[in-house]
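Shown next: work39.txt, given as compact mmCIF, C-alpha atoms.
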# COMPACT_ATOMS: atom_id res chain seq x y z
CA MET A 526 -10.34 15.33 23.16
CA LEU A 527 -9.74 14.54 19.47
CA ARG A 528 -8.09 17.92 19.03
CA LYS A 529 -5.74 17.29 21.97
CA LEU A 530 -4.85 13.93 20.47
CA LEU A 531 -4.17 15.59 17.11
CA VAL A 532 -1.97 18.24 18.76
CA TRP A 533 0.13 15.54 20.45
CA LEU A 534 0.30 13.49 17.28
CA GLY A 535 1.31 16.57 15.29
CA VAL A 536 4.02 17.62 17.77
CA THR A 537 5.43 14.07 17.97
CA LEU A 538 5.47 13.65 14.20
CA MET A 539 7.01 17.08 13.70
CA VAL A 540 9.83 16.49 16.20
CA PHE A 541 10.43 13.04 14.69
CA SER A 542 10.49 14.48 11.18
CA LEU A 543 13.04 17.15 12.21
CA PHE A 544 15.19 14.39 13.73
CA LEU A 545 14.95 12.38 10.52
CA VAL A 546 15.79 15.36 8.30
CA PHE A 547 18.74 16.70 10.32
CA VAL A 548 20.16 13.52 11.87
CA TYR A 549 18.95 10.31 10.26
CA VAL A 550 18.58 10.76 6.51
CA PRO A 551 21.80 10.64 4.47
CA THR A 552 22.91 13.74 2.56
CA GLU A 553 22.35 13.44 -1.17
CA ARG A 554 25.64 13.20 -3.09
CA THR A 555 25.09 15.60 -6.01
CA MET A 556 23.05 18.38 -4.42
CA GLY A 557 24.50 18.15 -0.93
CA ILE A 558 22.81 19.38 2.23
CA VAL A 559 20.49 21.73 0.37
CA GLN A 560 18.60 18.68 -0.95
CA LYS A 561 17.07 18.37 2.55
CA ILE A 562 14.83 21.32 1.62
CA PHE A 563 12.99 18.66 -0.41
CA TYR A 564 11.42 17.33 2.84
CA LEU A 565 9.89 20.75 3.37
CA MET A 566 9.12 21.68 -0.23
CA VAL A 567 7.07 18.55 -1.03
CA PRO A 568 4.76 18.96 2.03
CA MET A 569 4.25 22.66 1.17
CA GLY A 570 3.29 21.72 -2.40
CA TRP A 571 1.02 18.94 -1.12
CA LEU A 572 -0.78 21.33 1.26
CA ALA A 573 -1.20 23.90 -1.51
CA ILE A 574 -2.94 21.20 -3.59
CA LEU A 575 -4.93 19.75 -0.66
CA SER A 576 -6.24 23.24 0.16
CA PHE A 577 -7.49 23.71 -3.37
CA LEU A 578 -9.18 20.31 -3.23
CA ILE A 579 -11.02 21.57 -0.11
CA ILE A 580 -12.01 24.77 -1.94
CA PHE A 581 -13.21 22.69 -4.91
CA VAL A 582 -15.38 20.39 -2.78
CA GLY A 583 -16.64 23.28 -0.61
CA SER A 584 -17.51 25.34 -3.70
CA ILE A 585 -19.44 22.52 -5.40
CA PHE A 586 -21.49 21.86 -2.27
CA TYR A 587 -22.03 25.58 -1.69
CA LEU A 588 -23.43 26.06 -5.19
CA ALA A 589 -25.57 22.92 -4.88
CA LYS A 590 -26.92 23.51 -1.36
CA LYS A 591 -26.37 27.25 -0.80
CA SER A 592 -25.26 26.43 2.73
CA ARG A 593 -22.90 28.90 4.47
CA ARG A 594 -21.10 25.98 6.10
CA TRP A 595 -19.65 24.89 2.75
CA ASP A 596 -18.71 28.42 1.79
CA ASN A 597 -16.96 28.84 5.14
CA LEU A 598 -14.99 25.65 4.56
CA ALA A 599 -13.97 26.79 1.07
CA PHE A 600 -13.03 30.26 2.36
CA CYS A 601 -10.89 28.85 5.18
CA GLY A 602 -9.30 26.37 2.78
CA ALA A 603 -8.46 29.30 0.50
CA GLU A 604 -6.80 31.30 3.26
CA THR A 605 -4.69 28.40 4.53
CA GLY A 606 -4.00 27.42 0.93
CA LEU A 607 -2.71 30.89 0.13
CA VAL A 608 -0.32 30.65 3.09
CA PHE A 609 1.05 27.25 2.04
CA THR A 610 1.23 28.09 -1.68
CA THR A 611 3.20 31.24 -0.83
CA LEU A 612 5.52 29.10 1.31
CA ALA A 613 5.86 26.53 -1.50
CA LEU A 614 6.95 29.29 -3.90
CA ILE A 615 9.40 30.82 -1.40
CA ILE A 616 10.92 27.46 -0.43
CA GLY A 617 11.09 26.48 -4.10
CA SER A 618 13.08 29.65 -4.80
CA ILE A 619 15.44 28.98 -1.89
CA TRP A 620 16.02 25.48 -3.29
CA ALA A 621 16.40 26.71 -6.88
CA LYS A 622 19.13 29.27 -6.17
CA PRO A 623 21.92 26.86 -5.12
CA ILE A 624 20.77 24.05 -7.46
CA TRP A 625 19.88 25.93 -10.67
CA GLY A 626 21.76 29.15 -9.96
CA VAL A 627 18.63 31.33 -10.19
CA TRP A 628 15.90 32.30 -7.74
CA TRP A 629 13.19 31.91 -10.34
CA THR A 630 12.78 30.43 -13.82
CA TRP A 631 9.69 30.10 -16.01
CA GLU A 632 9.76 26.33 -15.73
CA PRO A 633 6.39 24.42 -16.16
CA ARG A 634 6.01 23.23 -12.53
CA LEU A 635 7.00 26.61 -11.07
CA THR A 636 4.83 28.54 -13.50
CA ALA A 637 1.79 26.30 -12.82
CA THR A 638 2.32 26.81 -9.06
CA LEU A 639 2.52 30.58 -9.56
CA VAL A 640 -0.76 30.37 -11.53
CA LEU A 641 -2.28 28.51 -8.56
CA TRP A 642 -1.15 31.34 -6.27
CA LEU A 643 -2.79 33.87 -8.62
CA ILE A 644 -6.02 31.81 -8.58
CA TYR A 645 -5.99 31.98 -4.77
CA ILE A 646 -5.64 35.78 -5.01
CA ALA A 647 -8.48 35.88 -7.58
CA TYR A 648 -10.65 33.88 -5.17
CA PHE A 649 -10.35 36.63 -2.55
CA MET A 650 -10.59 39.46 -5.06
CA VAL A 651 -13.95 38.34 -6.47
CA ARG A 652 -15.26 38.04 -2.92
CA SER A 653 -14.20 41.53 -1.93
CA PHE A 654 -15.35 43.20 -5.17
CA ALA A 655 -18.89 41.79 -5.01
CA SER A 656 -21.59 44.19 -3.85
CA GLU A 657 -23.33 41.61 -1.67
CA GLU A 658 -21.78 38.86 0.41
CA TYR A 659 -23.76 35.98 -1.12
CA ARG A 660 -22.79 37.15 -4.62
CA GLY A 661 -19.13 37.22 -3.60
CA ALA A 662 -19.44 33.71 -2.20
CA THR A 663 -21.04 32.51 -5.47
CA PHE A 664 -18.39 34.15 -7.69
CA ALA A 665 -15.64 32.76 -5.46
CA ALA A 666 -17.19 29.28 -5.69
CA VAL A 667 -17.02 29.53 -9.48
CA VAL A 668 -13.33 30.51 -9.25
CA GLY A 669 -12.83 27.60 -6.84
CA ILE A 670 -14.30 25.13 -9.34
CA VAL A 671 -12.78 26.52 -12.56
CA GLY A 672 -9.41 27.12 -10.89
CA PHE A 673 -9.17 23.46 -9.98
CA VAL A 674 -8.12 22.83 -13.60
CA ASP A 675 -4.65 24.02 -12.56
CA ILE A 676 -4.21 21.13 -10.07
CA PRO A 677 -3.79 18.30 -12.64
CA ILE A 678 -1.57 20.67 -14.65
CA ILE A 679 0.72 21.11 -11.62
CA ILE A 680 0.79 17.37 -10.92
CA LEU A 681 1.45 16.37 -14.54
CA SER A 682 3.71 19.31 -15.43
CA THR A 683 6.92 17.35 -14.86
CA THR A 684 5.82 14.50 -17.14
CA LEU A 685 3.96 16.49 -19.81
CA TRP A 686 6.73 19.03 -20.40
CA ARG A 687 10.45 18.58 -20.08
CA GLY A 688 11.35 21.24 -17.57
CA MET A 689 14.23 21.59 -15.12
CA HIS A 690 12.13 20.38 -12.20
CA PRO A 691 12.82 16.77 -11.11
CA GLY A 692 10.25 14.25 -12.37
CA PRO A 693 7.87 12.17 -10.25
CA ILE A 694 10.71 10.23 -8.56
CA ILE A 695 8.56 9.43 -5.51
CA PHE A 696 6.09 7.35 -7.52
CA GLN A 697 8.72 5.85 -9.77
CA GLY A 698 10.61 4.37 -6.83
CA GLY A 699 13.65 6.59 -7.41
CA LEU A 700 14.03 7.48 -3.74
CA GLU A 701 16.28 5.62 -1.35
CA PRO A 702 14.17 3.92 1.45
CA ALA A 703 15.55 6.25 4.17
CA MET A 704 14.69 9.30 2.07
CA LEU A 705 11.22 7.99 1.27
CA PHE A 706 10.57 7.24 4.95
CA THR A 707 11.70 10.76 5.96
CA LEU A 708 9.51 12.31 3.29
CA LEU A 709 6.45 10.29 4.34
CA VAL A 710 6.89 11.24 8.01
CA SER A 711 7.32 14.88 7.03
CA LEU A 712 4.18 14.71 4.86
CA ALA A 713 2.21 13.13 7.72
CA ALA A 714 3.46 15.74 10.22
CA PHE A 715 2.51 18.68 8.01
CA THR A 716 -0.85 17.12 7.13
CA VAL A 717 -1.75 16.80 10.83
CA LEU A 718 -0.58 20.40 11.37
CA TYR A 719 -2.70 21.47 8.43
CA VAL A 720 -5.84 19.78 9.83
CA LEU A 721 -5.27 21.63 13.12
CA ILE A 722 -4.76 24.98 11.38
CA LEU A 723 -7.80 24.51 9.14
CA THR A 724 -10.12 23.56 12.01
CA GLN A 725 -8.83 26.54 14.01
CA ARG A 726 -9.54 28.81 11.03
CA VAL A 727 -13.06 27.38 10.58
CA SER A 728 -13.75 27.94 14.27
CA LEU A 729 -12.53 31.56 13.94
CA ARG A 730 -14.73 32.04 10.87
CA ASN A 731 -17.76 30.73 12.78
CA ASP A 732 -17.05 33.24 15.56
CA GLN A 733 -16.78 36.03 13.01
CA MET A 734 -20.18 35.06 11.58
CA GLU A 735 -21.69 34.89 15.06
CA LEU A 736 -20.38 38.37 15.88
CA ALA A 737 -21.82 39.72 12.62
CA ARG A 738 -25.20 38.14 13.48
CA LEU A 739 -25.20 39.66 16.98
CA LYS A 740 -24.22 43.09 15.63
CA GLU A 741 -27.15 42.90 13.21
CA LEU A 742 -29.49 42.13 16.10
CA TYR A 743 -28.05 45.02 18.09
CA HIS A 744 -28.57 47.65 15.36
CA MET B 402 28.93 22.97 5.11
CA GLU B 403 28.19 24.53 1.77
CA ASN B 404 24.65 25.89 1.34
CA THR B 405 23.68 25.28 4.98
CA GLY B 406 22.35 28.85 5.04
CA PHE B 407 19.75 28.01 2.39
CA LEU B 408 18.56 24.99 4.39
CA LEU B 409 18.30 26.97 7.63
CA ALA B 410 16.58 29.86 5.85
CA ALA B 411 13.96 27.49 4.38
CA PHE B 412 13.14 25.89 7.74
CA SER B 413 13.17 29.23 9.59
CA ILE B 414 10.80 30.88 7.11
CA VAL B 415 8.31 27.99 7.18
CA TRP B 416 8.24 27.84 10.98
CA ALA B 417 8.08 31.62 11.40
CA VAL B 418 5.14 31.90 8.99
CA VAL B 419 3.29 28.87 10.41
CA PHE B 420 3.70 30.02 14.04
CA GLY B 421 2.89 33.61 13.10
CA TYR B 422 -0.30 32.52 11.35
CA ILE B 423 -1.40 30.33 14.28
CA LEU B 424 -0.70 33.11 16.81
CA LEU B 425 -2.59 35.61 14.68
CA MET B 426 -5.63 33.31 14.54
CA VAL B 427 -5.57 32.53 18.27
CA ASN B 428 -5.29 36.24 19.18
CA ARG B 429 -8.08 37.23 16.79
CA GLN B 430 -10.33 34.53 18.19
CA ARG B 431 -9.63 35.54 21.79
CA LYS B 432 -10.63 39.15 21.02
CA LEU B 433 -13.69 38.03 19.07
CA ARG B 434 -14.93 35.82 21.91
CA ILE B 435 -14.64 38.70 24.39
CA GLU B 436 -16.62 40.91 22.00
CA ILE B 437 -19.25 38.18 21.44
CA ALA B 438 -19.69 37.66 25.20
CA SER B 439 -20.05 41.39 25.84
CA LEU B 440 -22.52 41.83 22.98
CA LYS B 441 -24.56 38.85 24.15
CA ALA B 442 -24.74 40.37 27.64
CA THR B 443 -25.91 43.71 26.23
CA LEU B 444 -28.55 42.01 24.09
CA LYS B 445 -29.75 39.99 27.05
CA GLU B 446 -30.10 43.18 29.10
CA LYS B 447 -32.19 44.68 26.32
CA GLY B 448 -34.25 41.49 26.16
CA ILE B 449 -33.38 40.90 22.49
CA GLU B 450 -31.65 37.57 22.94
Would you mind writing the structure in this file as structure tokens?
Amino acid sequence: MLRKLLVWLGVTLMVFSLFLVFVYVPTERTMGIVQKIFYLMVPMGWLAILSFLIIFVGSIFYLAKKSRRWDNLAFCGAETGLVFTTLALIIGSIWAKPIWGVWWTWEPRLTATLVLWLIYIAYFMVRSFASEEYRGATFAAVVGIVGFVDIPIIILSTTLWRGMHPGPIIFQGGLEPAMLFTLLVSLAAFTVLYVLILTQRVSLRNDQMELARLKELYH
Amino acid sequence: MENTGFLLAAFSIVWAVVFGYILLMVNRQRKLRIEIASLKATLKEKGIE
């Protein structure tokens, strides 16, 4: 019931956000139409960070309680996080080309996001290289906790270092009300979509564990 | 309009990846559930579960 409600809420918000982006919100004067990528890029970045927060919390609880439930949550957060961090990097590049004239530059925000992507990869690598599953889960939990250091670096990168990336205009009130409204709707739509994807992934993970348990019984 | 291609590319990539990922998960889960049901039936026949 709750899931159905979330699906409808997600679809409604997503359609509304597309309407706002393509019809309602005014085109920015300096950057032109390509600035509208902003309403996609910010949610991707937000989901990349939210996913790592889930890994961080899941990893702490896994190490404290040794419960598979928490490891499963962290693992699923890592997989969805890898998808959205990859998208954030791709969308960032597509935005950078017409605005900065290059697909990629070693700018603090971009570099910190790339480091986050590498931490996600490391999370899966330590899992797959471990000889036993519980060891892999423990090593990955350590990566999930230590790697969280990169999150404040990403958030503060535009204020700590003077890069090419725009500063925190959202929090400084530098956005026109229509643009802020569009961004908030877009963020809400993608967050609902993310919750649906994550719960689907957790459910799939639980089925995978159940199958492994049954196979063990069978052999 | 100038740079419209970049905007369309960004939206297309995000939606293609998101839908692709969801479809992949749903398909994998469907297959897994069939396998789980069949294995459960076999185990029940053997009196294990």
* Structure fact -> Taken to one decimal, the atom CA of B:Lys441-atom CA of A:Glu658 distance is 23.9 Å
* Using only C-alpha atoms, which residues sit within 7 Å of stretch 414-429 of chain B once same-chain residues fewer than 3 positions away are excluded, as an MDAnalysis selection string? -> (chainID A and resid 612 722 726) or (chainID B and resid 410:411 432:433)
Near chain B, meaning an atom within 7 Å, which residues of chain A appear when counting all atoms listed in the file? Write them as a tab-separated table (two decimals) with C-alpha atoms, in the coordinates of the input.
chain	number	residue	atom	x	y	z
A	558	ILE	CA	22.81	19.38	2.23
A	559	VAL	CA	20.49	21.73	0.37
A	562	ILE	CA	14.83	21.32	1.62
A	612	LEU	CA	5.52	29.10	1.31
A	616	ILE	CA	10.92	27.46	-0.43
A	619	ILE	CA	15.44	28.98	-1.89
A	722	ILE	CA	-4.76	24.98	11.38
A	726	ARG	CA	-9.54	28.81	11.03
A	729	LEU	CA	-12.53	31.56	13.94
A	732	ASP	CA	-17.05	33.24	15.56
A	736	LEU	CA	-20.38	38.37	15.88
A	739	LEU	CA	-25.20	39.66	16.98
A	743	TYR	CA	-28.05	45.02	18.09
* Structure fact -> Between atom CA of A:Asn597 and atom CA of A:Ala665 lies a distance of 11.4 Å
* Mind checking which residues fall within 10 Å of A:Val536, counting all atoms listed in the file, ignoring those fewer than 6 positions away in the same chain, and posting them as a PyMOL selection string? => chain A and resi 530+542+714-715+717-718
